[in-house]
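final_14.txt follows; it contains compact mmCIF, C-alpha atoms and all ligand atoms.
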```txt
# COMPACT_ATOMS: atom_id res chain seq x y z
CA MET A 79 -60.46 -170.62 33.10
CA LYS A 80 -61.40 -167.77 30.73
CA ILE A 81 -63.55 -164.98 32.06
CA LEU A 82 -64.96 -162.45 29.60
CA VAL A 83 -65.68 -159.03 31.07
CA ASP A 84 -67.28 -155.95 29.55
CA GLU A 85 -64.60 -153.31 28.90
CA ASN A 86 -66.73 -150.73 30.78
CA MET A 87 -66.39 -152.51 34.14
CA PRO A 88 -63.83 -150.71 36.29
CA TYR A 89 -61.57 -152.98 38.35
CA ALA A 90 -62.79 -156.10 36.52
CA ARG A 91 -59.35 -157.10 35.25
CA GLU A 92 -57.77 -156.55 38.67
CA LEU A 93 -60.42 -158.59 40.50
CA PHE A 94 -61.31 -161.40 38.12
CA SER A 95 -57.65 -162.17 37.37
CA ARG A 96 -57.59 -163.56 40.95
CA LEU A 97 -59.86 -166.31 39.61
CA GLY A 98 -58.76 -166.94 36.01
CA ASP A 99 -57.67 -165.42 32.69
CA VAL A 100 -59.52 -162.21 31.96
CA LYS A 101 -60.42 -160.84 28.53
CA ALA A 102 -62.08 -157.41 28.30
CA VAL A 103 -64.44 -157.02 25.34
CA PRO A 104 -66.98 -154.48 24.04
CA GLY A 105 -70.52 -155.22 25.18
CA ARG A 106 -72.44 -153.88 22.17
CA PRO A 107 -71.86 -155.97 20.05
CA ILE A 108 -69.98 -158.63 21.95
CA PRO A 109 -67.41 -160.43 19.71
CA GLN A 110 -69.09 -163.85 19.26
CA HIS A 111 -65.85 -165.82 18.79
CA GLU A 112 -64.64 -164.77 22.25
CA LEU A 113 -67.50 -166.80 23.75
CA ASP A 114 -66.32 -170.05 22.17
CA ASP A 115 -63.74 -170.94 24.84
CA ALA A 116 -65.02 -168.80 27.72
CA ASP A 117 -66.26 -170.17 31.05
CA ALA A 118 -67.89 -167.07 32.47
CA LEU A 119 -69.34 -163.85 31.10
CA MET A 120 -69.63 -160.53 32.95
CA VAL A 121 -71.79 -158.00 31.17
CA ARG A 122 -73.48 -154.64 31.56
CA SER A 123 -76.95 -153.68 30.34
CA VAL A 124 -75.97 -153.23 26.68
CA THR A 125 -75.47 -156.97 26.09
CA LYS A 126 -78.57 -159.06 25.41
CA VAL A 127 -77.96 -162.35 27.19
CA ASN A 128 -80.18 -165.09 25.81
CA GLU A 129 -80.30 -168.37 23.91
CA ALA A 130 -79.18 -166.68 20.68
CA LEU A 131 -75.97 -165.51 22.40
CA LEU A 132 -75.10 -168.53 24.52
CA ALA A 133 -76.65 -171.73 23.10
CA GLY A 134 -73.94 -174.28 22.34
CA LYS A 135 -71.23 -172.33 24.23
CA GLY A 136 -69.53 -173.46 27.43
CA ILE A 137 -70.49 -170.47 29.60
CA LYS A 138 -71.34 -171.66 33.12
CA PHE A 139 -71.99 -168.34 34.83
CA VAL A 140 -73.26 -164.92 33.77
CA GLY A 141 -72.91 -161.84 35.94
CA THR A 142 -74.37 -158.44 35.15
CA ALA A 143 -72.76 -155.52 37.00
CA THR A 144 -76.07 -153.65 36.83
CA ALA A 145 -79.26 -153.19 38.80
CA GLY A 146 -81.57 -153.73 35.82
CA THR A 147 -81.89 -157.25 34.44
CA ASP A 148 -84.26 -156.79 31.50
CA HIS A 149 -81.37 -157.54 29.08
CA VAL A 150 -81.01 -161.05 30.53
CA ASP A 151 -83.28 -164.00 29.78
CA GLU A 152 -83.06 -165.44 33.27
CA ALA A 153 -85.56 -168.24 32.55
CA TRP A 154 -83.41 -169.51 29.69
CA LEU A 155 -80.22 -169.34 31.78
CA LYS A 156 -81.94 -171.33 34.52
CA GLN A 157 -83.16 -174.11 32.23
CA ALA A 158 -79.68 -174.20 30.62
CA GLY A 159 -78.11 -174.68 34.08
CA ILE A 160 -76.10 -171.44 33.85
CA GLY A 161 -75.49 -169.57 37.11
CA PHE A 162 -76.54 -165.93 37.26
CA SER A 163 -76.07 -162.90 39.45
CA ALA A 164 -76.96 -159.22 39.09
CA ALA A 165 -75.79 -156.31 41.26
CA PRO A 166 -78.94 -155.01 42.97
CA GLY A 167 -78.62 -151.52 44.37
CA CYS A 168 -75.02 -151.06 43.16
CA ASN A 169 -75.68 -147.66 41.58
CA ALA A 170 -78.80 -146.52 43.44
CA ILE A 171 -76.98 -143.66 45.20
CA ALA A 172 -75.65 -142.42 41.87
CA VAL A 173 -79.15 -142.27 40.36
CA VAL A 174 -80.50 -140.42 43.40
CA GLU A 175 -77.67 -137.88 43.11
CA TYR A 176 -78.40 -137.47 39.38
CA VAL A 177 -82.04 -136.69 40.21
CA PHE A 178 -81.02 -134.14 42.87
CA SER A 179 -78.50 -132.53 40.56
CA SER A 180 -81.23 -132.11 37.91
CA LEU A 181 -83.88 -130.83 40.32
CA LEU A 182 -81.53 -128.28 41.92
CA MET A 183 -80.50 -127.04 38.47
CA LEU A 184 -84.15 -126.63 37.40
CA ALA A 185 -85.08 -124.99 40.71
CA GLU A 186 -82.37 -122.37 40.28
CA ARG A 187 -83.10 -121.82 36.58
CA ASP A 188 -86.88 -121.53 37.02
CA GLY A 189 -86.79 -119.84 40.41
CA PHE A 190 -88.73 -122.21 42.64
CA ALA A 191 -88.15 -123.68 46.08
CA LEU A 192 -87.82 -127.47 46.07
CA ALA A 193 -89.21 -127.53 49.59
CA ASP A 194 -92.57 -126.34 48.18
CA ARG A 195 -92.81 -129.21 45.71
CA THR A 196 -94.36 -132.67 46.05
CA VAL A 197 -92.31 -135.44 44.49
CA GLY A 198 -94.11 -138.57 43.22
CA ILE A 199 -91.80 -141.61 43.17
CA VAL A 200 -92.87 -144.52 40.98
CA GLY A 201 -90.96 -147.64 42.03
CA VAL A 202 -89.75 -147.46 45.62
CA GLY A 203 -86.90 -149.97 45.64
CA ASN A 204 -83.17 -149.35 45.96
CA VAL A 205 -83.27 -146.08 44.01
CA GLY A 206 -86.77 -144.84 44.86
CA GLY A 207 -86.40 -145.70 48.56
CA ARG A 208 -83.12 -143.82 48.90
CA LEU A 209 -84.55 -140.89 46.96
CA GLN A 210 -87.52 -140.77 49.34
CA LYS A 211 -85.22 -140.67 52.40
CA ARG A 212 -83.02 -137.90 51.02
CA LEU A 213 -85.96 -135.77 49.88
CA GLU A 214 -87.61 -136.16 53.27
CA ALA A 215 -84.33 -135.20 54.97
CA LEU A 216 -84.87 -131.82 53.31
CA GLY A 217 -88.50 -131.67 54.37
CA ILE A 218 -89.77 -132.29 50.83
CA ARG A 219 -93.11 -134.10 50.59
CA THR A 220 -93.07 -137.40 48.73
CA LEU A 221 -95.85 -139.59 47.35
CA LEU A 222 -95.03 -143.23 46.73
CA CYS A 223 -96.36 -145.66 44.13
CA ASP A 224 -95.18 -149.27 44.14
CA PRO A 225 -97.96 -151.80 43.48
CA PRO A 226 -95.72 -154.90 43.94
CA ARG A 227 -94.67 -153.68 47.39
CA ALA A 228 -98.20 -152.60 48.28
CA ASP A 229 -99.56 -156.04 47.26
CA ASN A 230 -96.80 -157.67 49.29
CA GLY A 231 -98.02 -155.86 52.40
CA ASP A 232 -94.81 -153.84 52.79
CA GLU A 233 -94.96 -150.98 55.23
CA GLY A 234 -95.45 -147.60 53.57
CA ASP A 235 -98.10 -145.17 52.44
CA PHE A 236 -98.43 -146.45 48.88
CA ARG A 237 -100.73 -144.55 46.51
CA SER A 238 -102.08 -145.23 43.05
CA LEU A 239 -100.23 -143.88 40.01
CA ASP A 240 -103.34 -141.84 39.33
CA GLU A 241 -103.01 -140.02 42.66
CA LEU A 242 -99.40 -139.18 41.88
CA VAL A 243 -100.38 -137.82 38.47
CA GLN A 244 -102.98 -135.57 40.07
CA GLU A 245 -100.89 -134.33 42.99
CA ALA A 246 -97.19 -134.46 42.20
CA ASP A 247 -95.16 -131.52 40.92
CA VAL A 248 -92.31 -133.90 40.10
CA LEU A 249 -92.99 -137.41 38.80
CA THR A 250 -89.91 -139.63 38.76
CA PHE A 251 -89.78 -143.23 37.49
CA HIS A 252 -87.59 -145.90 39.13
CA THR A 253 -89.18 -149.21 38.13
CA PRO A 254 -87.65 -152.18 36.35
CA LEU A 255 -88.77 -152.67 32.74
CA PHE A 256 -91.46 -155.37 32.65
CA LYS A 257 -92.80 -155.92 29.15
CA ASP A 258 -95.85 -157.80 30.43
CA GLY A 259 -97.31 -159.40 33.55
CA PRO A 260 -99.28 -157.94 36.45
CA TYR A 261 -96.79 -155.13 37.01
CA LYS A 262 -96.15 -154.28 33.37
CA SER A 263 -94.11 -151.07 33.22
CA LEU A 264 -93.66 -150.79 29.47
CA HIS A 265 -95.20 -147.39 28.57
CA LEU A 266 -96.36 -146.90 32.14
CA ALA A 267 -96.21 -143.22 31.19
CA ASP A 268 -98.29 -143.32 28.02
CA GLU A 269 -100.04 -140.52 26.17
CA ALA A 270 -103.07 -140.66 28.47
CA LEU A 271 -100.91 -140.31 31.57
CA ILE A 272 -98.56 -137.65 30.19
CA SER A 273 -101.40 -135.48 28.91
CA ARG A 274 -103.00 -135.49 32.38
CA LEU A 275 -99.89 -134.16 34.18
CA LYS A 276 -100.37 -130.80 35.88
CA PRO A 277 -98.96 -127.78 34.03
CA GLY A 278 -95.28 -127.32 34.88
CA THR A 279 -94.79 -130.90 36.10
CA ILE A 280 -91.21 -132.15 36.04
CA LEU A 281 -91.15 -135.63 34.49
CA ILE A 282 -88.01 -137.69 35.14
CA ASN A 283 -87.05 -141.03 33.67
CA ALA A 284 -83.81 -142.56 34.91
CA CYS A 285 -84.87 -146.21 34.87
CA ARG A 286 -85.46 -147.70 31.40
CA GLY A 287 -86.37 -145.77 28.24
CA PRO A 288 -89.53 -147.70 27.32
CA VAL A 289 -91.14 -147.03 30.73
CA VAL A 290 -92.04 -143.66 29.19
CA ASP A 291 -93.62 -143.79 25.72
CA ASN A 292 -91.11 -141.55 23.93
CA ALA A 293 -93.30 -141.02 20.84
CA ALA A 294 -96.20 -139.92 23.06
CA LEU A 295 -93.94 -137.64 25.10
CA LEU A 296 -92.61 -136.03 21.94
CA LYS A 297 -96.16 -135.47 20.68
CA CYS A 298 -97.20 -133.85 23.97
CA LEU A 299 -94.16 -131.56 23.97
CA GLN A 300 -94.60 -130.66 20.30
CA THR A 301 -98.20 -129.68 20.91
CA GLY A 302 -97.01 -127.29 23.61
CA GLN A 303 -97.81 -129.16 26.82
CA ASP A 304 -96.22 -127.32 29.75
CA LEU A 305 -93.75 -129.88 31.12
CA ARG A 306 -90.11 -129.96 32.23
CA VAL A 307 -88.43 -133.20 31.25
CA VAL A 308 -85.31 -135.00 32.45
CA LEU A 309 -84.38 -138.11 30.45
CA ASP A 310 -81.36 -140.29 31.12
CA VAL A 311 -82.81 -143.26 29.26
CA TRP A 312 -84.38 -143.43 25.82
CA GLU A 313 -86.63 -145.48 23.61
CA PRO A 314 -84.74 -146.91 21.83
CA GLU A 315 -81.07 -146.80 22.82
CA PRO A 316 -78.59 -146.01 21.50
CA GLU A 317 -80.64 -144.45 18.63
CA LEU A 318 -82.53 -141.86 20.60
CA ASN A 319 -84.97 -139.47 18.92
CA THR A 320 -83.08 -136.19 18.41
CA ASP A 321 -86.33 -134.20 18.10
CA LEU A 322 -87.20 -135.35 21.61
CA LEU A 323 -83.71 -134.53 22.91
CA ALA A 324 -84.10 -130.99 21.57
CA LEU A 325 -87.26 -130.51 23.65
CA VAL A 326 -86.13 -131.93 26.99
CA ASP A 327 -84.54 -129.85 29.76
CA VAL A 328 -81.93 -132.45 30.67
CA GLY A 329 -80.87 -135.23 28.31
CA THR A 330 -78.07 -137.66 29.10
CA ALA A 331 -76.69 -140.91 27.67
CA HIS A 332 -77.90 -143.45 30.27
CA ILE A 333 -75.27 -142.42 32.78
CA ALA A 334 -77.37 -141.68 35.88
CA GLY A 335 -75.78 -144.66 37.62
CA TYR A 336 -72.25 -143.95 36.44
CA THR A 337 -70.43 -142.86 39.58
CA LEU A 338 -67.11 -144.58 40.03
CA GLU A 339 -68.47 -146.01 43.28
CA GLY A 340 -71.63 -147.28 41.55
CA LYS A 341 -69.75 -148.99 38.75
CA ALA A 342 -67.12 -150.40 41.11
CA ARG A 343 -69.84 -151.77 43.42
CA GLY A 344 -71.38 -153.49 40.37
CA THR A 345 -68.05 -155.14 39.58
CA THR A 346 -67.38 -156.23 43.16
CA GLN A 347 -70.90 -157.62 43.59
CA VAL A 348 -70.62 -159.91 40.55
CA PHE A 349 -67.02 -160.76 41.41
CA GLU A 350 -68.06 -161.90 44.87
CA ALA A 351 -71.03 -163.84 43.44
CA TYR A 352 -68.86 -165.61 40.87
CA SER A 353 -66.14 -166.43 43.41
CA GLU A 354 -68.81 -168.05 45.56
CA PHE A 355 -70.23 -169.90 42.53
CA ILE A 356 -66.87 -171.54 41.86
CA GLY A 357 -66.27 -172.25 45.56
CA GLN A 358 -63.43 -169.75 46.09
CA ARG A 359 -65.21 -167.13 48.17
CA HIS A 360 -63.61 -163.66 48.02
CA GLN A 361 -64.81 -160.39 49.50
CA VAL A 362 -63.68 -156.92 48.48
CA ALA A 363 -63.81 -153.65 50.39
CA LEU A 364 -64.70 -150.87 47.96
CA GLU A 365 -62.42 -148.33 49.69
CA THR A 366 -59.38 -150.43 48.79
CA LEU A 367 -60.09 -149.90 45.09
CA LEU A 368 -61.13 -146.25 44.79
CA PRO A 369 -58.67 -143.38 44.19
CA PRO A 370 -58.90 -140.16 46.23
CA PRO A 371 -61.58 -137.83 44.86
CA GLU A 372 -60.79 -134.55 43.08
CA PHE A 373 -62.34 -132.52 45.94
CA GLY A 374 -61.61 -134.10 49.31
CA ARG A 375 -62.63 -131.59 51.97
CA ILE A 376 -64.36 -128.26 52.24
CA THR A 377 -65.53 -126.03 55.08
CA LEU A 378 -69.07 -124.72 55.08
CA HIS A 379 -69.98 -121.70 57.17
CA GLY A 380 -73.50 -120.99 58.35
CA GLU A 381 -76.86 -122.50 57.58
CA LEU A 382 -77.81 -124.60 54.60
CA ASP A 383 -80.20 -123.02 52.12
CA GLN A 384 -81.19 -124.30 48.67
CA ALA A 385 -78.59 -122.17 46.87
CA THR A 386 -75.77 -123.47 49.08
CA LEU A 387 -76.95 -127.06 48.72
CA LYS A 388 -77.06 -126.63 44.95
CA ARG A 389 -73.47 -125.32 44.89
CA LEU A 390 -72.32 -128.19 47.07
CA VAL A 391 -74.13 -130.83 45.02
CA HIS A 392 -72.83 -129.34 41.78
CA LEU A 393 -69.29 -129.23 43.14
CA VAL A 394 -69.44 -133.03 43.18
CA TYR A 395 -71.68 -133.52 40.13
CA ASP A 396 -73.45 -131.03 37.87
CA VAL A 397 -75.70 -132.91 35.44
CA ARG A 398 -75.09 -130.28 32.74
CA ARG A 399 -71.62 -131.71 32.20
CA ASP A 400 -73.37 -134.78 30.72
CA ASP A 401 -76.23 -132.98 28.96
CA ALA A 402 -74.12 -130.77 26.68
CA PRO A 403 -71.94 -133.56 25.19
CA LEU A 404 -74.99 -135.66 24.28
CA ARG A 405 -76.61 -132.74 22.41
CA LYS A 406 -73.38 -132.31 20.44
CA VAL A 407 -73.19 -135.88 19.15
CA ALA A 408 -76.75 -137.29 19.26
CA GLY A 409 -77.72 -138.90 15.99
CA ILE A 410 -74.14 -139.76 15.00
CA PRO A 411 -73.79 -143.56 14.98
CA GLY A 412 -71.59 -144.94 17.76
CA GLU A 413 -71.33 -141.68 19.70
CA PHE A 414 -73.89 -142.53 22.43
CA ASP A 415 -71.82 -145.55 23.45
CA LYS A 416 -68.57 -143.60 23.09
CA LEU A 417 -69.79 -141.03 25.64
CA ARG A 418 -70.52 -143.87 28.03
CA LYS A 419 -67.22 -145.63 27.41
CA ASN A 420 -65.12 -142.47 27.89
CA TYR A 421 -67.13 -141.26 30.86
CA LEU A 422 -65.36 -138.62 32.92
CA GLU A 423 -64.82 -139.75 36.49
CA ARG A 424 -67.74 -138.89 38.72
CA ARG A 425 -67.90 -139.45 42.49
CA GLU A 426 -70.67 -139.76 45.04
CA TRP A 427 -71.47 -137.10 47.63
CA SER A 428 -70.01 -139.32 50.34
CA SER A 429 -66.57 -138.68 48.82
CA LEU A 430 -66.73 -135.08 50.04
CA ASN A 431 -65.77 -134.30 53.66
CA VAL A 432 -67.71 -131.23 54.71
CA LEU A 433 -66.74 -129.42 57.89
CA CYS A 434 -69.70 -127.38 59.13
CA ASP A 435 -69.74 -124.77 61.87
CA ASP A 436 -73.51 -125.15 62.11
CA ALA A 437 -74.68 -128.34 63.82
CA ARG A 438 -78.02 -128.54 61.99
CA THR A 439 -76.32 -128.15 58.63
CA ALA A 440 -73.95 -130.99 59.47
CA GLU A 441 -76.87 -133.20 60.49
CA THR A 442 -78.85 -132.45 57.31
CA LEU A 443 -75.84 -133.04 55.07
CA LYS A 444 -75.12 -136.32 56.82
CA ASN A 445 -78.70 -137.43 56.26
CA LEU A 446 -78.27 -136.50 52.59
CA GLY A 447 -75.22 -138.75 52.27
CA PHE A 448 -72.35 -136.26 52.53
CA ASN A 449 -69.47 -137.07 54.81
CA ALA A 450 -70.29 -134.11 57.06
CA VAL A 451 -69.06 -133.27 60.54
CA HIS A 452 -69.81 -130.41 62.90
CA HIS A 453 -66.90 -128.48 64.31
CA ALA A 454 -67.22 -125.48 66.57
CA ALA A 455 -66.34 -122.16 64.89
CA ARG A 456 -62.98 -120.74 65.95
N1 LIG B 501 -80.17 -144.92 34.49
C1 LIG B 501 -79.37 -145.71 35.16
O1 LIG B 501 -78.17 -145.60 35.05
C2 LIG B 501 -79.94 -146.75 36.09
C3 LIG B 501 -79.20 -147.13 37.21
C4 LIG B 501 -79.77 -148.06 38.10
C5 LIG B 501 -81.01 -148.62 37.83
N2 LIG B 501 -81.67 -148.27 36.69
C6 LIG B 501 -82.99 -148.83 36.39
O2 LIG B 501 -83.86 -148.46 37.45
C7 LIG B 501 -84.59 -149.59 37.89
C8 LIG B 501 -84.85 -149.46 39.35
O3 LIG B 501 -83.64 -149.61 40.06
P1 LIG B 501 -83.62 -150.12 41.56
O4 LIG B 501 -82.20 -150.41 41.88
O5 LIG B 501 -84.38 -149.20 42.42
O6 LIG B 501 -84.43 -151.48 41.42
P2 LIG B 501 -85.25 -152.23 42.56
O7 LIG B 501 -85.58 -153.56 42.01
O8 LIG B 501 -84.52 -152.14 43.85
O9 LIG B 501 -86.60 -151.38 42.72
C9 LIG B 501 -87.59 -151.33 41.75
C10 LIG B 501 -88.92 -151.07 42.46
O10 LIG B 501 -89.92 -150.89 41.45
C11 LIG B 501 -91.10 -151.54 41.88
N3 LIG B 501 -91.97 -151.82 40.74
C12 LIG B 501 -91.95 -152.89 39.91
N4 LIG B 501 -92.90 -152.76 38.97
C13 LIG B 501 -93.54 -151.60 39.22
C14 LIG B 501 -94.62 -150.93 38.58
N5 LIG B 501 -95.21 -151.42 37.51
N6 LIG B 501 -95.02 -149.74 39.10
C15 LIG B 501 -94.42 -149.21 40.20
N7 LIG B 501 -93.40 -149.82 40.85
C16 LIG B 501 -92.96 -151.00 40.35
C17 LIG B 501 -90.59 -152.78 42.60
O11 LIG B 501 -91.57 -153.33 43.46
C18 LIG B 501 -89.38 -152.25 43.32
O12 LIG B 501 -89.71 -151.80 44.62
C19 LIG B 501 -83.73 -150.81 37.51
O13 LIG B 501 -84.52 -151.93 37.26
C20 LIG B 501 -83.02 -150.35 36.28
O14 LIG B 501 -83.76 -150.73 35.16
C21 LIG B 501 -81.18 -147.33 35.83
O1 LIG B 502 -79.49 -151.01 35.46
C1 LIG B 502 -78.44 -150.41 35.69
O2 LIG B 502 -77.70 -150.73 36.64
C2 LIG B 502 -78.01 -149.25 34.79
O3 LIG B 502 -79.06 -148.82 34.03
C3 LIG B 502 -77.01 -149.66 33.80
O4 LIG B 502 -76.17 -150.53 34.30
C4 LIG B 502 -76.33 -148.53 33.06
O5 LIG B 502 -75.08 -148.86 32.56
P1 LIG B 502 -74.64 -149.97 31.50
O6 LIG B 502 -74.83 -151.28 32.15
O7 LIG B 502 -75.52 -149.86 30.31
O8 LIG B 502 -73.21 -149.68 31.25
```

Any chance you could give the structure as structure tokens?
Ligand SMILES: NC(=O)c1ccc[n+]([C@@H]2O[C@H](COP(=O)([O-])OP(=O)(O)OC[C@H]3O[C@@H](n4cnc5c(N)ncnc54)[C@H](O)[C@@H]3O)[C@@H](O)[C@H]2O)c1
Ligand SMILES: O=C(O)[C@H](O)[C@H](O)COP(=O)(O)O
Amino acid sequence: MKILVDENMPYARELFSRLGDVKAVPGRPIPQHELDDADALMVRSVTKVNEALLAGKGIKFVGTATAGTDHVDEAWLKQAGIGFSAAPGCNAIAVVEYVFSSLLMLAERDGFALADRTVGIVGVGNVGGRLQKRLEALGIRTLLCDPPRADNGDEGDFRSLDELVQEADVLTFHTPLFKDGPYKSLHLADEALISRLKPGTILINACRGPVVDNAALLKCLQTGQDLRVVLDVWEPEPELNTDLLALVDVGTAHIAGYTLEGKARGTTQVFEAYSEFIGQRHQVALETLLPPPEFGRITLHGELDQATLKRLVHLVYDVRRDDAPLRKVAGIPGEFDKLRKNYLERREWSSLNVLCDDARTAETLKNLGFNAVHHAAR
């Protein structure tokens, strides 16, 4: 059995070789001839999986080690009898930590207190829901917009996008990309929406590039609209608009979800799904795969304020380490994907053990996702 795996899937060779012969290949473009004798295909979001790629091949299962599925024509796979699994929620924590890293950087740079801001979250699923919980753990007010969940009768104080635009100081997008249908999200942030944002609003897009109309955003910024902008995703990728990059406050190469834990979870989720598909059920504990983190344990004295939280968050991940390299190479063909392929190891906050002599600090950090414990001061 031949299993093709994207070369940017950590632990894929180690895991899938328990089930068959593994070949690691680039995902953009995928070498067509490798599909000829393959039984299964494990991709990431850069590979368009559709009839054009797979018709006439013997692929029986496709896995995508990603949360987003807009690169996969699921209807075609279904009618072709090809099994499919994604990895919902695999990298949600990573995206939340990217958003925090960006907000804490902007708060320090521009001298504001995050606790005074209202954060509007558009799309309250795996990412948006976790973001809400962590913001609220810090006492930050959130406003939620998720029409599919509201229509489904899910519990929650869901508001209209219009209300968020009027009230939020931070507007952050975490929806799937739907090109049409009742919950179309393509250009959800269009020129009309962007131009109505309050002066000084922080606009964040870490879901899919086309959810924010990049041409409209560029126009608004070029005409001097007072906005702060954080973009991890672009319209289009990998050929992002370098004029837009020059005007945003944080610009990164679609890496918000790229913690080692997030990528490894993606691999294990599709590995488990495929093992079940072929009737050889395996389960993997993530901890058995991950190496020890660079920073294992620190001691924190006293109470937690914004400056201390920022230092702690940036000890694990400072978003500027990914912003600067993109600005250096943007516009050079192939470099966007190279940054993603050679991504420096990044860990989640849970990898850091924090010993706190203040009980409230320990509790807050635990609620934020750090591995925090209270110990009495000596
Ligand atoms: N930048 C990255 O590295 C990265 C990482 C993970 C996910 N993503 C993207 O972010 C998206 C969200 O991730 P997730 O794991 O939270 O997905 P999810 O499916 O768990 O949640 C998405 C939420 O968006 C809501 N939604 C759908 N259409 C909407 C609309 N038009 N307006 C408002 N809400 C809408 C859904 O009801 C759902 O609650 C993914 O689909 C993926 O495209 C990007
Ligand atoms: O949807 C996701 O999970 C992420 O956007 C995505 O996976 C980013 O990484 P890629 O698959 O492009 O390597």

Within 6 Å of ligand LIG 501 (chain B), counting only C-alpha atoms and all ligand atoms, residues as a ChimeraX atom specification:
/A:145-146,166-167,169-170,173,200-206,223-227,252-255,261-263,284-286,310,332-335

Might you pull out every residue within 12 Å of Ala437 (chain A), with only C-alpha atoms counted and same-chain residues fewer than 4 positions away left off, and present them as a PyMOL selection string?
chain A and resi 378-382+432-433+441-444+450-455

Can you tell me, as a PDB file with C-alpha atoms, in the frame of the given file, what residues are no more than 12 Å from Glu354 (chain A) when counting all atoms listed in the file, ignoring any on the same chain fewer than 5 positions away?
```pdb
ATOM      1  CA  LEU A  97     -59.860-166.310  39.610  1.00  0.00           C
ATOM      2  CA  PHE A 139     -71.990-168.340  34.830  1.00  0.00           C
ATOM      3  CA  GLY A 161     -75.490-169.570  37.110  1.00  0.00           C
ATOM      4  CA  PHE A 162     -76.540-165.930  37.260  1.00  0.00           C
ATOM      5  CA  SER A 163     -76.070-162.900  39.450  1.00  0.00           C
ATOM      6  CA  GLN A 347     -70.900-157.620  43.590  1.00  0.00           C
ATOM      7  CA  VAL A 348     -70.620-159.910  40.550  1.00  0.00           C
ATOM      8  CA  PHE A 349     -67.020-160.760  41.410  1.00  0.00           C
ATOM      9  CA  ARG A 359     -65.210-167.130  48.170  1.00  0.00           C
ATOM     10  CA  HIS A 360     -63.610-163.660  48.020  1.00  0.00           C
ATOM     11  CA  GLN A 361     -64.810-160.390  49.500  1.00  0.00           C
TER      12      GLN A 361
END
```

My list of candidates is A:Leu184, A:Ile356, A:Ala172, A:Leu299. Which is closest to Gly98 (chain A) when distances are computed with only C-alpha atoms?
A:Ile356

Skipping near chain neighbours, those fewer than 4 positions away, what residues fall within 9 Å of Arg212 (chain A) using only C-alpha atoms, listed as a PyMOL selection string?
chain A and resi 174+207-208+216-218+445-447
